[in-house]
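Containing mmCIF, C-alpha atoms and all ligand atoms: final_4.cif.
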data_structure
loop_
_atom_site.label_atom_id
_atom_site.label_comp_id
_atom_site.auth_asym_id
_atom_site.auth_seq_id
_atom_site.Cartn_x
_atom_site.Cartn_y
_atom_site.Cartn_z
CA MET S 1 127.59 102.01 77.88
CA ARG S 2 123.82 102.45 77.98
CA THR S 3 122.23 103.22 74.60
CA PHE S 4 118.95 105.09 74.85
CA VAL S 5 116.48 107.41 73.16
CA HIS S 6 114.75 110.17 75.12
CA THR S 7 111.87 112.19 73.66
CA SER S 8 110.57 115.03 75.78
CA ARG S 9 107.11 116.50 75.31
CA SER S 10 106.56 120.21 75.46
CA SER S 11 103.91 121.53 77.77
CA ARG S 12 104.06 124.57 80.03
CA VAL S 13 103.93 123.79 83.74
CA VAL S 14 103.13 126.37 86.40
CA PHE S 15 103.66 124.94 89.90
CA GLY S 16 103.13 126.50 93.31
CA SER S 17 100.67 127.75 95.88
CA GLY S 18 97.99 130.21 94.75
CA THR S 19 98.84 129.62 91.09
CA VAL S 20 95.16 129.39 90.24
CA GLY S 21 95.34 133.19 90.35
CA ARG S 22 97.44 133.03 87.18
CA LEU S 23 94.84 131.12 85.16
CA ARG S 24 93.47 134.11 83.30
CA GLU S 25 96.95 135.15 82.24
CA GLU S 26 97.71 131.57 81.12
CA VAL S 27 94.59 131.40 78.94
CA GLU S 28 95.33 134.79 77.42
CA ARG S 29 98.92 133.71 76.79
CA LEU S 30 97.46 131.07 74.46
CA GLY S 31 95.63 133.85 72.57
CA CYS S 32 92.22 132.70 73.83
CA SER S 33 89.27 134.52 75.35
CA ARG S 34 86.28 132.13 75.34
CA VAL S 35 86.69 129.34 77.88
CA LEU S 36 84.69 126.16 78.33
CA LEU S 37 85.19 125.27 82.01
CA LEU S 38 85.10 121.55 82.78
CA SER S 39 84.67 120.21 86.30
CA SER S 40 83.04 117.43 88.28
CA ARG S 41 80.28 117.74 90.86
CA PRO S 42 82.21 116.98 94.08
CA LEU S 43 84.56 119.90 93.37
CA ALA S 44 82.06 122.76 93.65
CA SER S 45 84.11 125.09 95.87
CA THR S 46 87.34 124.46 93.94
CA THR S 47 85.49 125.14 90.70
CA THR S 48 84.22 128.42 92.15
CA ARG S 49 87.83 129.53 92.76
CA VAL S 50 88.76 128.64 89.19
CA ARG S 51 85.67 130.39 87.81
CA GLU S 52 86.50 133.53 89.80
CA ALA S 53 90.10 133.48 88.57
CA LEU S 54 88.96 133.25 84.95
CA GLY S 55 86.25 135.91 85.32
CA ASP S 56 84.46 136.85 82.11
CA LEU S 57 86.62 134.50 80.02
CA VAL S 58 84.20 131.68 80.95
CA VAL S 59 81.50 131.38 78.29
CA ALA S 60 80.22 127.90 79.15
CA GLU S 61 80.56 125.16 81.76
CA PHE S 62 80.18 121.41 81.83
CA GLY S 63 80.25 119.59 85.17
CA GLY S 64 79.57 116.01 84.17
CA ALA S 65 83.01 114.44 83.59
CA ALA S 66 82.95 110.69 84.32
CA MET S 67 85.60 108.05 84.91
CA HIS S 68 87.10 106.22 81.91
CA THR S 69 85.90 108.98 79.52
CA PRO S 70 82.66 107.53 78.10
CA VAL S 71 82.08 108.85 74.56
CA GLU S 72 78.43 109.71 75.33
CA VAL S 73 79.61 112.24 77.94
CA THR S 74 82.15 113.69 75.50
CA GLU S 75 79.44 114.13 72.89
CA ARG S 76 77.27 116.07 75.35
CA ALA S 77 80.19 118.29 76.34
CA LEU S 78 81.05 118.83 72.67
CA ASP S 79 77.54 120.19 72.08
CA VAL S 80 78.05 122.70 74.90
CA LEU S 81 81.48 123.68 73.54
CA THR S 82 80.22 124.16 69.97
CA HIS S 83 77.12 126.06 71.03
CA ALA S 84 79.26 128.50 73.08
CA SER S 85 81.95 128.92 70.35
CA ALA S 86 84.62 128.30 72.98
CA ASP S 87 88.23 128.77 71.88
CA ALA S 88 89.92 127.13 74.89
CA ILE S 89 89.24 124.43 77.46
CA VAL S 90 90.06 124.77 81.15
CA ALA S 91 89.62 121.58 83.18
CA VAL S 92 89.71 121.44 86.97
CA GLY S 93 89.67 118.04 88.64
CA GLY S 94 91.22 114.60 88.53
CA GLY S 95 92.07 112.35 85.61
CA SER S 96 88.41 112.03 84.61
CA THR S 97 88.00 115.76 83.96
CA THR S 98 91.38 115.84 82.24
CA GLY S 99 90.27 112.89 80.10
CA LEU S 100 87.16 114.76 79.00
CA SER S 101 89.26 117.81 78.14
CA LYS S 102 91.62 115.65 76.06
CA ALA S 103 88.70 113.98 74.26
CA LEU S 104 87.33 117.43 73.34
CA ALA S 105 90.76 118.71 72.26
CA LEU S 106 91.19 115.66 70.03
CA ARG S 107 87.91 116.49 68.30
CA THR S 108 88.39 120.27 68.07
CA ASP S 109 92.15 120.92 68.35
CA LEU S 110 91.41 123.61 70.96
CA PRO S 111 94.15 124.42 73.50
CA GLN S 112 93.79 123.05 77.02
CA VAL S 113 94.76 124.40 80.43
CA ILE S 114 94.53 121.69 83.09
CA VAL S 115 94.27 122.33 86.82
CA PRO S 116 94.83 118.90 88.45
CA THR S 117 93.34 118.10 91.84
CA THR S 118 94.55 114.49 92.11
CA TYR S 119 97.86 112.73 91.43
CA ALA S 120 96.81 110.78 88.29
CA GLY S 121 99.37 112.49 86.02
CA SER S 122 97.18 112.47 82.91
CA GLU S 123 97.66 116.24 82.49
CA VAL S 124 101.21 115.78 81.13
CA THR S 125 100.56 112.82 78.80
CA PRO S 126 99.47 112.77 75.14
CA VAL S 127 97.37 109.68 75.89
CA LEU S 128 93.60 109.30 76.03
CA GLY S 129 91.61 106.23 77.02
CA GLU S 130 87.96 106.41 75.93
CA THR S 131 85.19 103.93 76.71
CA ARG S 132 82.71 102.95 74.05
CA ASP S 133 80.27 100.02 74.41
CA GLY S 134 82.07 98.77 77.53
CA ARG S 135 85.54 98.70 75.92
CA LYS S 136 88.29 101.14 76.74
CA VAL S 137 90.44 102.11 73.78
CA THR S 138 93.63 104.10 74.22
CA GLN S 139 95.24 106.38 71.68
CA SER S 140 98.07 108.86 71.63
CA SER S 141 98.33 112.08 69.63
CA PRO S 142 100.05 115.47 69.96
CA ALA S 143 96.56 117.07 69.85
CA ILE S 144 95.75 115.28 73.12
CA LEU S 145 98.66 116.72 75.12
CA PRO S 146 97.48 119.74 77.14
CA GLU S 147 99.28 123.01 76.34
CA THR S 148 99.47 124.23 79.94
CA VAL S 149 99.23 122.66 83.38
CA VAL S 150 98.62 124.82 86.43
CA TYR S 151 99.48 122.86 89.58
CA ASP S 152 98.12 124.66 92.63
CA VAL S 153 98.98 122.82 95.86
CA ASP S 154 96.19 124.73 97.66
CA LEU S 155 93.55 122.90 95.59
CA THR S 156 94.81 119.53 96.85
CA LEU S 157 94.78 120.35 100.57
CA ALA S 158 91.23 119.07 101.04
CA LEU S 159 91.57 115.93 98.90
CA PRO S 160 90.14 113.23 101.22
CA LEU S 161 92.74 110.83 102.62
CA PRO S 162 91.41 107.65 100.90
CA LEU S 163 91.60 109.40 97.50
CA THR S 164 95.01 110.81 98.39
CA VAL S 165 96.31 107.32 99.13
CA THR S 166 94.90 105.63 96.03
CA SER S 167 95.82 108.48 93.71
CA GLY S 168 99.31 108.64 95.24
CA VAL S 169 99.74 104.92 94.53
CA ASN S 170 98.49 105.52 90.98
CA ALA S 171 101.44 107.93 90.59
CA LEU S 172 103.76 105.41 92.25
CA ALA S 173 102.74 102.84 89.63
CA HIS S 174 103.78 105.14 86.76
CA ALA S 175 107.21 105.59 88.33
CA VAL S 176 107.76 101.89 89.12
CA GLU S 177 106.82 100.72 85.63
CA ALA S 178 108.95 103.47 84.06
CA LEU S 179 112.02 101.96 85.72
CA TYR S 180 111.59 98.58 84.02
CA SER S 181 110.16 99.95 80.77
CA ALA S 182 111.86 98.86 77.55
CA ASP S 183 112.22 102.62 76.84
CA ALA S 184 113.70 103.55 80.23
CA ASN S 185 116.52 106.06 80.05
CA PRO S 186 118.64 108.02 82.55
CA VAL S 187 116.22 110.98 82.57
CA THR S 188 113.11 108.94 83.33
CA ASP S 189 115.06 106.79 85.82
CA ARG S 190 115.94 109.91 87.81
CA GLN S 191 112.40 111.28 87.59
CA ALA S 192 110.94 107.91 88.63
CA LEU S 193 113.23 107.44 91.62
CA ASP S 194 112.59 111.00 92.82
CA ALA S 195 108.86 110.40 92.41
CA ILE S 196 108.98 107.13 94.39
CA SER S 197 110.92 108.58 97.30
CA GLY S 198 108.70 111.70 97.27
CA ILE S 199 105.53 109.58 97.42
CA ALA S 200 106.94 107.33 100.16
CA ARG S 201 107.83 110.41 102.25
CA ALA S 202 104.57 112.29 101.67
CA LEU S 203 101.85 109.64 102.11
CA PRO S 204 102.55 108.69 105.76
CA ARG S 205 102.75 112.39 106.66
CA LEU S 206 99.41 113.03 104.99
CA ALA S 207 97.86 110.09 106.83
CA ALA S 208 98.77 111.95 110.03
CA ASP S 209 97.72 115.39 108.72
CA PRO S 210 95.94 115.44 105.33
CA ALA S 211 96.38 119.22 105.03
CA ASP S 212 100.16 119.25 105.68
CA PRO S 213 101.20 121.78 102.99
CA GLU S 214 104.78 120.56 102.73
CA ALA S 215 103.73 116.93 102.23
CA ARG S 216 101.02 118.03 99.75
CA THR S 217 103.66 119.96 97.80
CA GLY S 218 106.00 116.95 97.80
CA LEU S 219 103.25 114.62 96.62
CA LEU S 220 102.06 116.92 93.83
CA HIS S 221 105.63 117.39 92.68
CA ALA S 222 106.16 113.61 92.70
CA ALA S 223 102.91 113.13 90.77
CA TRP S 224 104.11 115.53 88.10
CA LEU S 225 107.39 113.61 87.78
CA ALA S 226 105.58 110.27 87.68
CA GLY S 227 103.14 111.59 85.06
CA THR S 228 106.09 112.76 83.00
CA CYS S 229 107.49 109.20 83.13
CA LEU S 230 104.11 107.87 81.98
CA ALA S 231 104.19 110.33 79.08
CA THR S 232 107.71 109.44 78.03
CA VAL S 233 108.13 105.66 78.25
CA GLY S 234 105.88 102.65 77.63
CA MET S 235 104.21 100.99 80.61
CA GLY S 236 103.97 97.22 81.25
CA LEU S 237 101.84 94.54 82.87
CA HIS S 238 100.54 96.64 85.75
CA HIS S 239 99.04 99.37 83.56
CA LYS S 240 97.66 96.81 81.12
CA LEU S 241 95.89 94.95 83.93
CA CYS S 242 94.42 98.13 85.42
CA HIS S 243 93.31 99.25 81.98
CA THR S 244 91.52 95.92 81.47
CA LEU S 245 89.94 95.90 84.93
CA GLY S 246 88.79 99.51 84.58
CA GLY S 247 87.66 99.45 80.96
CA SER S 248 86.02 96.01 80.80
CA PHE S 249 84.88 95.46 84.39
CA GLY S 250 84.16 99.05 85.48
CA LEU S 251 86.56 99.01 88.45
CA PRO S 252 87.59 102.43 89.81
CA HIS S 253 90.91 103.64 88.40
CA ALA S 254 93.11 104.68 91.32
CA GLU S 255 91.77 102.01 93.69
CA THR S 256 92.55 99.30 91.12
CA HIS S 257 96.11 100.61 90.75
CA THR S 258 96.41 100.49 94.52
CA VAL S 259 95.39 96.84 94.74
CA VAL S 260 97.26 95.53 91.69
CA LEU S 261 100.63 97.31 91.95
CA ALA S 262 102.32 95.09 94.57
CA HIS S 263 101.19 91.94 92.71
CA ALA S 264 102.39 93.15 89.30
CA MET S 265 105.71 94.09 90.89
CA ALA S 266 106.01 90.64 92.49
CA TYR S 267 105.29 89.03 89.10
CA ASN S 268 108.04 91.05 87.40
CA ALA S 269 110.52 91.04 90.29
CA ARG S 270 112.42 87.92 89.27
CA ALA S 271 113.04 89.38 85.78
CA VAL S 272 114.28 92.76 87.05
CA PRO S 273 115.84 92.27 90.52
CA GLU S 274 118.11 95.31 90.15
CA VAL S 275 115.15 97.59 89.41
CA MET S 276 113.29 96.21 92.43
CA ARG S 277 116.33 96.90 94.59
CA ARG S 278 116.34 100.54 93.43
CA VAL S 279 112.60 100.83 94.10
CA ALA S 280 113.08 99.30 97.57
CA ASP S 281 115.90 101.78 98.32
CA ALA S 282 113.75 104.71 97.17
CA LEU S 283 110.86 103.47 99.33
CA GLY S 284 113.17 102.79 102.27
CA VAL S 285 112.07 99.14 102.62
CA PRO S 286 113.94 95.80 102.31
CA ASP S 287 111.68 94.37 99.57
CA ALA S 288 109.81 96.43 96.96
CA PRO S 289 106.57 94.46 96.27
CA SER S 290 105.81 93.59 99.90
CA GLY S 291 106.99 97.08 100.93
CA VAL S 292 104.36 98.64 98.63
CA TYR S 293 101.70 96.28 100.02
CA ASP S 294 102.64 97.11 103.63
CA LEU S 295 102.65 100.85 102.88
CA ILE S 296 99.10 100.61 101.51
CA VAL S 297 97.91 98.57 104.51
CA SER S 298 99.46 101.12 106.90
CA LEU S 299 97.61 103.92 105.07
CA GLY S 300 94.28 102.09 105.16
CA GLY S 301 94.11 101.69 101.36
CA PRO S 302 92.27 98.88 99.58
CA THR S 303 94.16 95.59 99.16
CA SER S 304 91.79 93.26 97.30
CA LEU S 305 89.94 93.25 93.98
CA CYS S 306 87.12 91.52 95.85
CA GLU S 307 86.50 94.63 97.97
CA LEU S 308 86.48 96.74 94.76
CA GLY S 309 83.55 94.65 93.54
CA LEU S 310 85.16 92.30 91.00
CA ALA S 311 83.36 88.94 90.88
CA GLU S 312 85.63 85.92 91.33
CA SER S 313 84.03 84.45 88.19
CA ASP S 314 85.45 87.39 86.16
CA LEU S 315 89.08 86.57 86.98
CA ALA S 316 89.60 84.09 84.14
CA ARG S 317 88.22 86.47 81.50
CA ALA S 318 90.29 89.35 82.90
CA ALA S 319 93.44 87.21 82.64
CA GLU S 320 92.60 86.26 79.06
CA LEU S 321 91.93 89.86 78.06
CA ALA S 322 95.14 91.10 79.70
CA ALA S 323 97.23 88.43 77.99
CA ALA S 324 95.49 88.68 74.61
CA LYS S 325 97.72 91.24 72.89
CA PRO S 326 101.48 91.06 73.42
CA TYR S 327 103.20 94.17 74.81
CA PRO S 328 106.64 94.82 76.28
CA ASN S 329 107.04 93.58 79.85
CA PRO S 330 110.17 92.38 81.65
CA ARG S 331 108.74 88.91 82.33
CA GLU S 332 106.94 86.76 79.79
CA LEU S 333 103.17 87.08 80.04
CA THR S 334 101.04 83.97 80.18
CA THR S 335 97.32 83.66 80.82
CA GLU S 336 98.12 81.21 83.63
CA GLY S 337 100.69 83.51 85.25
CA ILE S 338 98.38 86.52 85.05
CA GLY S 339 95.53 84.36 86.39
CA GLU S 340 97.60 83.51 89.48
CA LEU S 341 98.56 87.15 89.93
CA LEU S 342 94.90 88.22 89.72
CA ALA S 343 93.82 85.49 92.14
CA GLY S 344 96.30 86.84 94.71
CA ALA S 345 95.11 90.40 94.09
CA TRP S 346 91.47 89.34 94.32
CA GLN S 347 92.07 87.80 97.74
CA GLY S 348 94.35 90.63 98.88
CA ARG S 349 97.26 88.30 99.71
CA ARG S 350 100.54 89.94 100.73
CA PRO S 351 102.99 89.21 97.90
CA GLN S 352 106.04 87.18 98.93
P1 LIG S 401 88.76 111.10 89.11
O1 LIG S 401 89.19 112.22 88.28
O2 LIG S 401 87.64 110.27 88.59
O3 LIG S 401 88.43 111.61 90.56
C1 LIG S 401 87.90 110.71 91.52
C2 LIG S 401 86.85 111.42 92.38
O4 LIG S 401 87.51 112.37 93.20
C3 LIG S 401 85.84 112.21 91.55
O5 LIG S 401 84.59 112.07 92.16
C4 LIG S 401 86.35 113.64 91.67
O6 LIG S 401 85.32 114.58 91.52
C5 LIG S 401 86.92 113.65 93.07
N1 LIG S 401 87.98 114.62 93.31
C6 LIG S 401 88.99 114.94 92.48
N2 LIG S 401 89.81 115.83 93.06
C7 LIG S 401 89.28 116.10 94.28
C8 LIG S 401 89.66 116.95 95.36
N3 LIG S 401 90.77 117.70 95.30
N4 LIG S 401 88.89 116.95 96.46
C9 LIG S 401 87.79 116.18 96.54
N5 LIG S 401 87.37 115.34 95.55
C10 LIG S 401 88.11 115.31 94.44
O7 LIG S 401 89.97 110.07 89.41
P2 LIG S 401 91.50 110.04 88.97
O8 LIG S 401 92.02 108.83 89.61
O9 LIG S 401 92.17 111.32 89.19
O10 LIG S 401 91.43 109.82 87.40
C11 LIG S 401 90.99 108.61 86.84
C12 LIG S 401 90.77 108.76 85.35
O11 LIG S 401 91.92 109.32 84.74
C13 LIG S 401 90.53 107.41 84.68
O12 LIG S 401 89.57 107.56 83.67
C14 LIG S 401 91.91 107.10 84.08
O13 LIG S 401 91.84 106.25 82.97
C15 LIG S 401 92.39 108.48 83.69
N6 LIG S 401 93.87 108.60 83.63
C16 LIG S 401 94.42 108.81 82.41
C17 LIG S 401 95.79 108.94 82.29
C18 LIG S 401 96.38 109.23 80.94
O14 LIG S 401 97.55 109.50 80.82
N7 LIG S 401 95.61 109.19 79.88
C19 LIG S 401 96.61 108.87 83.42
C20 LIG S 401 96.01 108.64 84.66
C21 LIG S 401 94.63 108.53 84.77
#
Would it be possible to restate this file's structure as structure tokens?
Amino acid sequence: MRTFVHTSRSSRVVFGSGTVGRLREEVERLGCSRVLLLSSRPLASTTTRVREALGDLVVAEFGGAAMHTPVEVTERALDVLTHASADAIVAVGGGSTTGLSKALALRTDLPQVIVPTTYAGSEVTPVLGETRDGRKVTQSSPAILPETVVYDVDLTLALPLPLTVTSGVNALAHAVEALYSADANPVTDRQALDAISGIARALPRLAADPADPEARTGLLHAAWLAGTCLATVGMGLHHKLCHTLGGSFGLPHAETHTVVLAHAMAYNARAVPEVMRRVADALGVPDAPSGVYDLIVSLGGPTSLCELGLAESDLARAAELAAAKPYPNPRELTTEGIGELLAGAWQGRRPQ
């Protein structure tokens, strides 16, 4: 018999095509009427659609969300929010915009409506990673969890292929690590396996036609499931490494996940062979770590930390940082073992 604990988080999820048209209703449902609209610069036309849907509910806007949620940016956005007496936050964009929304909600307890445009999954988690003085610190709180998520497949149709690939692998990483999490349970197992097979089906189709609506729907659905796994169970070595590389070395989030995942899986594989077999089956490949690597190569995604700009001389410090604090992981973590893993990832070697 399997003994487990499952805690589900409550947020409202609206999923479909054209759902951005329901934003006004969703804000009003929360009893709010003064929206601070958060966005990021490359999403101008998407933000226009969101602004139009919200109409006169928008009382202020902030378009400067940045990756890894720097506190200086949050403080600037907080000034805008306070000055406008906003009573709700609507964020349109990827994990960076969602992160800014969460940082503001943590400081103000205002309700959030998130409109995701990538596959990061942050919108369904109560977790926030903020960067202060070059260090990324993560915390979890019910105030951080967004009240409502509006997934509109239409807003993802124009996501460029390279971002689609790396963000899709970011979602894949949540699902893979959920399966070998110390907190794994039958609900998250099912969600994770559905997410993995959904991602493996969708990404090659999107490489052929990035606007394929059915594949976009499948990938967004998978990203929601993977994000739900991330919200529910603790993550292991892979997420810790990416957190270190992003927070302390400034590497880009989704790209780093894309490079590291196959290597972290190979490191853990010998401790959890049954999990890797299930991942391989869901991916439709004979071996999970090399199957993930080959998938990324076939999609033209990044394969080395070198190409992401990490200096070889930083590898030792990254290994030390990632091994410094113990955390649950299927295989014992040693600075030497992590160092070898990172060396392989830096070179972009195919894991065996
Ligand atoms: P991002 O939000 O930084 O987006 C990457 C780039 O893509 C940005 O320039 C953005 O403007 C652009 N973009 C986004 N959607 C687009 C679209 N549809 N079309 C064209 N361009 C688009 O990247 P991300 O990978 O989504 O998020 C990364 C951030 O999210 C990191 O800070 C990471 O730590 C955080 N995150 C947090 C959690 C959590 O649970 N706390 C989970 C995942 C990610």
Computed interatomic separation between atom O5 of ligand LIG 401 (chain S) and atom CA of S:Pro42 (Å): 5.8 Å
Nearby residues, (97.5, 121.6, 99.6) file frame, 6 Å, only C-alpha atoms, as a list in words: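 The distance filter leaves exactly Val153, Asp154, Leu155, Thr156, Leu157, Pro213 and Arg216 of chain S.
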Output file for the residues above (C-alpha atoms, as a PDB file, keeping the file's coordinate frame):
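Now in result32.pdb:
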ATOM      1  CA  VAL S 153      98.980 122.820  95.860  1.00  0.00           C
ATOM      2  CA  ASP S 154      96.190 124.730  97.660  1.00  0.00           C
ATOM      3  CA  LEU S 155      93.550 122.900  95.590  1.00  0.00           C
ATOM      4  CA  THR S 156      94.810 119.530  96.850  1.00  0.00           C
ATOM      5  CA  LEU S 157      94.780 120.350 100.570  1.00  0.00           C
ATOM      6  CA  PRO S 213     101.200 121.780 102.990  1.00  0.00           C
ATOM      7  CA  ARG S 216     101.020 118.030  99.750  1.00  0.00           C
TER       8      ARG S 216
END
Nearby residues (only C-alpha atoms) at most 7 Å from S:Leu237, same-chain spacing under 4 positions excluded, as a ChimeraX atom specification: /S:241,264,329
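Here atom C20 of ligand LIG 401 (chain S) and atom CA of S:His239 stand 9.8 Å from one another.
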Nearest residue to S:Pro126 from the set S:Leu342, S:Ala77, S:Leu230, S:Val272 (distances using all atoms listed in the file): S:Leu230
Who sits within 12 Å of S:Asp79, only C-alpha atoms, same chain under 5 positions skipped, as a VMD selection string: chain S and resid 36 60 to 62 72 to 74 84 to 86 104 107 to 108
Coordinates-based distance that separates atom CA of S:Ala175 from atom CA of S:Thr244 (Å, one decimal):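 Spanning atom CA of S:Thr244 to atom CA of S:Ala175 is a straight-line distance of 19.7 Å.
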